[in-house]
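Containing mmCIF, C-alpha atoms: upload_5.cif.
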```
data_input
#
loop_
_atom_site.label_atom_id
_atom_site.label_comp_id
_atom_site.auth_asym_id
_atom_site.auth_seq_id
_atom_site.Cartn_x
_atom_site.Cartn_y
_atom_site.Cartn_z
CA MET A 1154 55.36 2.94 -68.85
CA PHE A 1155 58.94 1.84 -69.33
CA LYS A 1156 59.93 3.74 -66.17
CA GLN A 1157 57.48 1.43 -64.39
CA ALA A 1158 59.11 -1.56 -66.03
CA SER A 1159 62.52 -0.87 -64.54
CA ARG A 1160 60.98 -0.28 -61.12
CA LEU A 1161 59.02 -3.52 -61.32
CA LEU A 1162 62.11 -5.31 -62.55
CA SER A 1163 64.38 -4.20 -59.71
CA ARG A 1164 61.68 -4.87 -57.13
CA SER A 1165 60.95 -8.34 -58.43
CA ILE A 1166 64.60 -9.30 -58.86
CA ALA A 1167 65.21 -8.29 -55.23
CA ALA A 1168 62.20 -10.34 -54.15
CA ALA A 1169 63.33 -13.31 -56.22
CA SER A 1170 66.86 -13.30 -54.88
CA SER A 1171 65.74 -13.00 -51.27
CA LYS A 1172 63.24 -15.83 -51.78
CA SER A 1173 65.56 -18.21 -53.58
CA VAL A 1174 68.67 -17.70 -51.44
CA THR A 1175 68.96 -17.86 -47.67
CA THR A 1176 69.87 -14.55 -46.05
CA ARG A 1177 73.26 -14.22 -47.65
CA ALA A 1178 74.77 -10.84 -48.44
CA PHE A 1179 76.88 -11.84 -51.45
CA SER A 1180 75.36 -12.78 -54.76
CA SER A 1181 77.93 -15.43 -55.58
CA GLU A 1182 75.42 -18.25 -55.38
CA VAL A 1183 72.40 -16.55 -56.94
CA PRO A 1184 71.65 -17.98 -60.37
CA SER A 1185 70.02 -15.53 -62.76
CA THR A 1186 66.48 -16.43 -61.64
CA ILE A 1187 63.98 -14.82 -63.91
CA ASP A 1188 60.99 -13.56 -62.01
CA SER A 1189 57.88 -15.21 -63.48
CA THR A 1190 55.39 -12.49 -62.51
CA PHE A 1191 57.50 -9.90 -64.31
CA VAL A 1192 57.82 -12.10 -67.37
CA GLU A 1193 54.07 -12.63 -67.45
CA SER A 1194 53.26 -8.93 -67.17
CA TRP A 1195 55.85 -8.25 -69.87
CA LYS A 1196 54.32 -10.79 -72.20
CA LYS A 1197 50.89 -9.19 -71.73
CA VAL A 1198 52.27 -5.83 -72.70
CA ALA A 1199 54.76 -6.79 -75.39
CA PRO A 1200 54.13 -10.40 -76.45
CA ASN A 1201 56.50 -10.35 -79.39
CA MET A 1202 59.52 -8.98 -77.54
CA ASP A 1203 61.79 -10.97 -75.27
CA PRO A 1204 61.82 -9.73 -71.69
CA PRO A 1205 64.89 -7.59 -71.04
CA GLN A 1206 67.95 -9.29 -69.65
CA THR A 1207 69.70 -7.92 -66.62
CA PRO A 1208 73.48 -7.64 -66.22
CA SER A 1209 73.51 -10.63 -63.88
CA ALA A 1210 72.28 -12.81 -66.74
CA PHE A 1211 75.50 -12.07 -68.61
CA MET A 1212 77.86 -12.53 -65.70
CA LYS A 1213 79.53 -15.85 -65.06
CA PRO A 1214 78.69 -17.05 -61.56
CA ARG A 1215 81.34 -16.09 -59.02
CA PRO A 1216 83.49 -18.90 -57.68
CA SER A 1217 81.64 -20.28 -54.70
CA THR A 1218 82.76 -19.61 -51.15
CA PRO A 1219 83.56 -22.95 -49.51
CA SER A 1220 81.46 -23.55 -46.41
CA SER A 1221 84.46 -24.43 -44.24
CA ILE A 1222 87.57 -22.23 -44.20
CA PRO A 1223 90.29 -23.77 -46.38
CA THR A 1224 93.60 -24.60 -44.75
CA LYS A 1225 95.75 -22.82 -47.31
CA LEU A 1226 95.69 -19.42 -48.95
CA THR A 1227 96.10 -19.40 -52.74
CA VAL A 1228 98.31 -16.51 -53.76
CA ASN A 1229 98.62 -15.00 -57.23
CA PHE A 1230 101.37 -12.41 -57.20
CA VAL A 1231 101.78 -10.61 -60.50
CA LEU A 1232 103.95 -7.86 -61.90
CA PRO A 1233 103.45 -6.16 -65.26
CA TYR A 1234 106.33 -8.10 -66.77
CA ALA A 1235 106.15 -11.42 -64.93
CA SER A 1236 103.95 -13.65 -62.83
CA GLU A 1237 105.93 -14.18 -59.63
CA LEU A 1238 103.57 -16.60 -57.92
CA SER A 1239 100.67 -18.23 -59.66
CA GLY A 1240 98.19 -20.20 -57.64
CA LYS A 1241 100.72 -20.94 -54.91
CA GLU A 1242 99.28 -22.45 -51.73
CA VAL A 1243 100.70 -20.78 -48.66
CA ASP A 1244 99.89 -20.44 -44.99
CA MET A 1245 100.01 -16.68 -44.63
CA VAL A 1246 100.95 -13.51 -46.45
CA ILE A 1247 101.80 -10.21 -44.80
CA ILE A 1248 101.15 -7.26 -47.09
CA PRO A 1249 102.17 -3.61 -46.66
CA ALA A 1250 98.75 -1.97 -46.85
CA THR A 1251 98.41 1.81 -46.51
CA THR A 1252 96.73 1.15 -43.16
CA GLY A 1253 99.73 -0.83 -41.92
CA GLN A 1254 101.16 -4.35 -42.25
CA MET A 1255 98.20 -6.65 -42.79
CA GLY A 1256 98.39 -10.37 -42.19
CA VAL A 1257 96.25 -12.44 -44.52
CA LEU A 1258 95.22 -15.94 -43.46
CA PRO A 1259 92.92 -18.36 -45.26
CA GLY A 1260 89.33 -17.27 -44.73
CA HIS A 1261 90.20 -13.57 -44.60
CA VAL A 1262 87.35 -11.13 -45.03
CA PRO A 1263 87.12 -10.10 -48.72
CA THR A 1264 89.12 -6.91 -48.95
CA ILE A 1265 90.63 -4.59 -51.50
CA ALA A 1266 93.74 -3.05 -49.99
CA GLU A 1267 95.91 -0.36 -51.53
CA LEU A 1268 99.56 -1.12 -50.85
CA LYS A 1269 102.27 1.35 -49.91
CA PRO A 1270 105.97 0.83 -50.63
CA GLY A 1271 107.00 -1.87 -48.17
CA ILE A 1272 107.82 -5.50 -47.56
CA MET A 1273 105.52 -8.35 -48.45
CA SER A 1274 106.34 -11.70 -46.87
CA VAL A 1275 105.00 -15.03 -48.01
CA HIS A 1276 104.97 -17.70 -45.27
CA GLU A 1277 104.91 -21.33 -46.32
CA GLY A 1278 105.57 -23.70 -43.43
CA ALA A 1279 108.92 -22.57 -42.08
CA ASP A 1280 110.03 -20.65 -45.23
CA VAL A 1281 109.49 -16.94 -45.41
CA LYS A 1282 110.08 -15.18 -48.71
CA LYS A 1283 110.29 -11.40 -48.59
CA TYR A 1284 109.87 -8.92 -51.44
CA PHE A 1285 110.02 -5.16 -51.39
CA LEU A 1286 106.96 -3.87 -53.28
CA SER A 1287 106.92 -0.44 -54.87
CA SER A 1288 103.14 0.00 -54.55
CA GLY A 1289 100.07 -1.79 -55.80
CA PHE A 1290 96.90 -3.47 -54.70
CA ALA A 1291 95.90 -6.64 -52.93
CA LEU A 1292 92.54 -8.19 -53.73
CA LEU A 1293 91.48 -10.75 -51.15
CA HIS A 1294 88.55 -12.90 -52.18
CA ALA A 1295 86.01 -14.80 -50.16
CA ASN A 1296 87.30 -18.18 -51.39
CA SER A 1297 90.76 -17.59 -49.83
CA VAL A 1298 92.42 -16.50 -53.04
CA ALA A 1299 94.67 -13.46 -52.78
CA ASP A 1300 95.62 -11.49 -55.88
CA ILE A 1301 98.52 -9.18 -55.21
CA ILE A 1302 99.62 -6.82 -57.94
CA ALA A 1303 102.60 -4.51 -57.87
CA ILE A 1304 104.67 -2.69 -60.45
CA GLU A 1305 108.07 -3.57 -58.99
CA ALA A 1306 108.85 -6.27 -56.48
CA VAL A 1307 112.46 -7.01 -55.59
CA PRO A 1308 114.01 -9.41 -53.09
CA LEU A 1309 115.80 -7.43 -50.40
CA GLU A 1310 119.21 -8.81 -51.47
CA HIS A 1311 118.96 -6.95 -54.77
CA ILE A 1312 118.84 -3.54 -53.12
CA ASP A 1313 121.97 -1.40 -52.88
CA PRO A 1314 122.02 0.42 -49.50
CA SER A 1315 124.38 3.16 -50.64
CA GLN A 1316 122.06 4.11 -53.50
CA VAL A 1317 119.20 4.26 -51.01
CA GLN A 1318 121.08 6.63 -48.71
CA LYS A 1319 122.08 8.78 -51.65
CA GLY A 1320 118.49 8.90 -52.91
CA LEU A 1321 117.12 9.73 -49.47
CA ALA A 1322 119.53 12.64 -49.02
CA GLU A 1323 118.78 13.90 -52.53
CA PHE A 1324 115.02 13.87 -52.04
CA GLN A 1325 115.18 15.41 -48.60
CA GLN A 1326 117.16 18.22 -50.17
CA LYS A 1327 114.60 18.50 -53.01
CA LEU A 1328 111.80 18.66 -50.50
CA THR A 1329 113.23 21.75 -48.84
CA SER A 1330 113.93 23.46 -52.15
CA ALA A 1331 110.65 22.53 -53.88
CA THR A 1332 108.41 25.35 -55.06
CA THR A 1333 105.32 24.05 -56.87
CA ASP A 1334 102.87 21.59 -55.35
CA LEU A 1335 103.86 18.96 -57.89
CA GLU A 1336 107.57 19.23 -57.07
CA LYS A 1337 106.76 19.00 -53.38
CA ALA A 1338 104.65 15.90 -53.99
CA GLU A 1339 107.38 14.24 -56.06
CA ALA A 1340 110.02 15.01 -53.43
CA GLN A 1341 107.69 13.73 -50.71
CA ILE A 1342 107.17 10.49 -52.62
CA GLY A 1343 110.94 10.16 -52.99
CA VAL A 1344 111.48 10.62 -49.27
CA GLU A 1345 108.74 8.13 -48.40
CA VAL A 1346 109.94 5.42 -50.76
CA HIS A 1347 113.58 5.72 -49.70
CA SER A 1348 112.64 5.74 -46.01
CA ALA A 1349 110.54 2.65 -46.56
CA ILE A 1350 113.45 0.87 -48.26
CA ASN A 1351 115.76 1.92 -45.42
CA ALA A 1352 113.35 0.59 -42.84
CA ALA A 1353 113.00 -2.61 -44.84
CA LEU A 1354 116.74 -3.16 -45.04
CA SER A 1355 117.31 -2.55 -41.35
CA GLY A 1356 114.15 -4.13 -39.88
CA MET B 1433 79.44 14.11 -43.86
CA ALA B 1434 82.71 15.51 -45.21
CA LEU B 1435 82.38 16.60 -48.81
CA THR B 1436 86.10 16.16 -49.39
CA ALA B 1437 87.39 12.76 -48.29
CA ALA B 1438 90.93 12.66 -46.93
CA VAL B 1439 92.93 12.55 -50.15
CA PRO B 1440 96.53 11.37 -50.30
CA PHE B 1441 99.02 14.21 -50.69
CA TRP B 1442 99.88 13.27 -54.26
CA ARG B 1443 96.29 13.45 -55.40
CA ALA B 1444 95.90 16.81 -53.69
CA ALA B 1445 98.87 17.98 -55.74
CA GLY B 1446 97.11 16.91 -58.95
CA MET B 1447 98.88 13.61 -59.55
CA THR B 1448 97.02 10.47 -60.58
CA TYR B 1449 97.56 7.08 -58.97
CA ILE B 1450 99.30 5.72 -62.04
CA THR B 1451 101.82 8.58 -62.04
CA TYR B 1452 102.43 8.03 -58.31
CA SER B 1453 102.84 4.30 -58.78
CA ASN B 1454 105.23 4.71 -61.71
CA ILE B 1455 107.35 7.19 -59.78
CA CYS B 1456 107.57 4.76 -56.83
CA ALA B 1457 108.53 1.93 -59.15
CA ASN B 1458 111.21 4.02 -60.83
CA LEU B 1459 112.70 5.02 -57.50
CA VAL B 1460 112.86 1.38 -56.43
CA ARG B 1461 114.51 0.42 -59.72
CA ASN B 1462 117.12 3.11 -59.26
CA CYS B 1463 118.07 1.64 -55.90
CA LEU B 1464 118.95 -1.81 -57.13
CA LYS B 1465 122.36 -3.44 -57.28
CA GLU B 1466 124.11 -3.39 -60.58
CA PRO B 1467 123.05 -6.24 -62.91
CA HIS B 1468 119.43 -6.02 -61.73
CA ARG B 1469 119.35 -2.25 -62.02
CA ALA B 1470 120.50 -2.22 -65.64
CA GLU B 1471 118.08 -5.01 -66.55
CA SER B 1472 115.07 -3.36 -64.96
CA LEU B 1473 115.79 0.09 -66.39
CA ALA B 1474 116.29 -1.41 -69.85
CA ARG B 1475 113.05 -3.36 -69.52
CA GLU B 1476 111.08 -0.24 -68.80
CA LYS B 1477 112.41 1.94 -71.62
CA VAL B 1478 109.76 3.00 -74.11
CA HIS B 1479 110.51 4.08 -77.64
CA PHE B 1480 108.24 5.76 -80.13
CA SER B 1481 108.83 6.01 -83.82
CA LEU B 1482 106.78 8.83 -85.27
CA SER B 1483 106.44 9.35 -89.00
CA LYS B 1484 104.26 11.98 -90.61
CA TRP B 1485 102.55 11.05 -93.86
CA ALA B 1486 102.24 13.24 -96.96
CA ASP B 1487 100.91 12.27 -100.39
CA GLY B 1488 100.34 8.71 -99.28
CA LYS B 1489 104.00 8.19 -98.37
CA ALA B 1490 105.62 8.10 -95.00
CA GLN B 1491 108.20 10.80 -94.39
CA LYS B 1492 111.36 10.12 -92.45
CA PRO B 1493 110.47 8.65 -89.03
CA VAL B 1494 111.41 10.45 -85.84
CA LEU B 1495 112.57 8.18 -83.03
CA ARG B 1496 111.46 9.37 -79.62
CA SER B 1497 112.47 7.75 -76.41
CA ASP B 1498 110.21 8.31 -73.43
CA ALA B 1499 112.41 9.78 -70.73
CA PRO B 1500 111.81 7.95 -67.45
CA GLU B 1501 110.24 10.03 -64.70
CA VAL B 1502 112.28 11.16 -61.71
#
```

Rendering of file as structure tokens:
Amino acid sequence: MFKQASRLLSRSIAAASSKSVTTRAFSSEVPSTIDSTFVESWKKVAPNMDPPQTPSAFMKPRPSTPSSIPTKLTVNFVLPYASELSGKEVDMVIIPATTGQMGVLPGHVPTIAELKPGIMSVHEGADVKKYFLSSGFALLHANSVADIIAIEAVPLEHIDPSQVQKGLAEFQQKLTSATTDLEKAEAQIGVEVHSAINAALSG
Amino acid sequence: MALTAAVPFWRAAGMTYITYSNICANLVRNCLKEPHRAESLAREKVHFSLSKWADGKAQKPVLRSDAPEV
């Protein structure tokens, strides 16, 4: 009988949400509408128990997606030890996603992008601020808010080119002499990161 | 449908994302110019103080410093 209840519940919640909201894929605007037919059948069966609550009843409603695309992108750029940019309004951000450099404008499709070591540039009017990110994630939301998280982010001026060359040579050497899979992977990571820094410094 | 999605090389070698990310961050820190390099390496040092207990009293603590990866 309780197996039936969960089936009825999911069916009626789906029906309720499609009735109460226009054909919209995201549930950001759906309030936790309680389906009355389910509640009535529940009360017939178990009058002294409250109908079960669903997870959506406990969730705060998502921030609403504005109907017209905002003019500015709000960027939150955080590191484990500091909040670099917090709620800054910018025109565009270019992030080093694993699939390539991705430009993010206001109104970007909601995306979760894994970042590879590379340059992130923040464009505000005529100013461009560049950081070299070690790796991380970028969460782009429907309301034109971008959350970018990285473990290390340094301005390019803070990088020492001679150290980079030394590191690159060292890891290339380690790659040829590596035996176990793990050593090979570590050497490969070293080569990739140093090559990315090199490309960043020269490009 | 492929049963094994294309995994990144580090995951194929048995490394987790966090390990990969920490290694990348360490490499970047090691490539910085001097005052920034010392600051960032100092910021990321982790120390553990481990003391075994016997008869309700703490024995002498052992200080362990987590060696950075790479």

*Residues of chain B near chain A: apply a cut-off of 6 Å, count all atoms listed in the file, and supply the list as a ChimeraX atom specification.*
/B:1442,1445,1456-1457,1463-1465

*When distances are computed from all atoms listed in the file, which of A:Pro1233, A:Ser1239, A:Met1255, A:Lys1225 shows the smallest separation from Glu1277 in chain A?*
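That would be A:Lys1225, the residue with the smallest distance to Glu1277 in chain A.
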
Distance query Gly1240 in chain A at most 7 Å, only C-alpha atoms, self and fewer than 3 positions along chain excluded, as a PDB file with C-alpha atoms, in the coordinates of the input:
```
ATOM      1  CA  THR A1227      96.100 -19.400 -52.740  1.00  0.00           C
ATOM      2  CA  VAL A1228      98.310 -16.510 -53.760  1.00  0.00           C
ATOM      3  CA  ASN A1229      98.620 -15.000 -57.230  1.00  0.00           C
TER       4      ASN A1229
END
```

*How would you write, as a ChimeraX atom specification, the residues chosen by the PyMOL selection byres ((chain B and resi 1480) around 7) on this structure?*
/B:1478-1479,1481-1482,1495-1497

Please dump the current selection as a PDB file, in the coordinates of the input; keep C-alpha atoms.
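Dumped to selection.pdb:
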```
ATOM      1  CA  VAL B1478     109.760   3.000 -74.110  1.00  0.00           C
ATOM      2  CA  HIS B1479     110.510   4.080 -77.640  1.00  0.00           C
ATOM      3  CA  SER B1481     108.830   6.010 -83.820  1.00  0.00           C
ATOM      4  CA  LEU B1482     106.780   8.830 -85.270  1.00  0.00           C
ATOM      5  CA  LEU B1495     112.570   8.180 -83.030  1.00  0.00           C
ATOM      6  CA  ARG B1496     111.460   9.370 -79.620  1.00  0.00           C
ATOM      7  CA  SER B1497     112.470   7.750 -76.410  1.00  0.00           C
TER       8      SER B1497
END
```

*Spell out the residues picked by the PyMOL selection byres ((chain A and resi 1295-1300) around 8) here, as a list in words.*
Pro1216, Ser1217, Thr1218, Pro1219, Ile1222, Pro1223, Lys1225, Leu1226, Thr1227, Val1228, Asn1229, Phe1230, Val1231, Leu1258, Pro1259, Gly1260, His1261, Val1262, Pro1263, Ala1291, Leu1292, Leu1293, His1294, Ile1301 and Ile1302 of chain A

_Atom-to-atom span, CA of Asp1188 in chain A and CA of Phe1211 in chain A, Å_ =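 According to the coordinates, CA of Asp1188 in chain A and CA of Phe1211 in chain A are separated by 16.0 Å.
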
*Please identify all polymer residues within 9 Å of Gln1254 in chain A, counting only C-alpha atoms, omitting same-chain residues fewer than 4 positions from it, and present them as a PyMOL selection string.*
chain A and resi 1247-1250+1271-1273

Could those selected residues go to a file with C-alpha atoms, as a PDB file, in the frame of the given file?
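In the end it all went to again_18.pdb:
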```
ATOM      1  CA  ILE A1247     101.800 -10.210 -44.800  1.00  0.00           C
ATOM      2  CA  ILE A1248     101.150  -7.260 -47.090  1.00  0.00           C
ATOM      3  CA  PRO A1249     102.170  -3.610 -46.660  1.00  0.00           C
ATOM      4  CA  ALA A1250      98.750  -1.970 -46.850  1.00  0.00           C
ATOM      5  CA  GLY A1271     107.000  -1.870 -48.170  1.00  0.00           C
ATOM      6  CA  ILE A1272     107.820  -5.500 -47.560  1.00  0.00           C
ATOM      7  CA  MET A1273     105.520  -8.350 -48.450  1.00  0.00           C
TER       8      MET A1273
END
```

*Work out how far CA of Leu1268 in chain A is from CA of Lys1477 in chain B, in Å to one decimal.*
24.6 Å

*What does the distance between CA of Ser1348 in chain A and CA of Leu1321 in chain A come to in Å, to one decimal place?*
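These two atoms are separated by 6.9 Å.
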
*Of the residues B:Ala1486, B:Ala1437, B:Ser1472, B:Gly1446, which is the one nearest to Leu1459 in chain B, using all atoms listed in the file?*
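Looking only at the distances to Leu1459 in chain B, the closest residue turns out to be B:Ser1472.
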
*Which polymer residues have any atom within 9 Å of an atom of Pro1204 in chain A, counting only C-alpha atoms, with same-chain residues fewer than 4 positions away left out, as a list in words?*
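Near neighbours after the sequence-gap exclusion: Phe1191, Val1192, Trp1195, Lys1196 and Ala1199 of chain A.
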
*Near Lys1492 in chain B, within 9 Å and counting only C-alpha atoms, which residues show up once chain neighbours fewer than 5 positions away are dropped, as a VMD selection string?*
chain B and resid 1482 to 1485

*With only C-alpha atoms as the atoms that count, which of A:Ser1330, A:Gly1278, A:Lys1283, A:Ala1322 lies nearest to Leu1354 in chain A?*
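Residue with the minimum atom-to-atom distance to Leu1354 in chain A: A:Lys1283.
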
Just need the box for range 1465-1476 of chain B, edges along x, y and z, holding every atom the file lists for it with 5 Å tacked onto each side, so centre and edge lengths in Å to one decimal, as JSON.
```
{"center_x": 117.6, "center_y": -3.1, "center_z": -63.6, "size_x": 23.0, "size_y": 16.3, "size_z": 22.6}
```
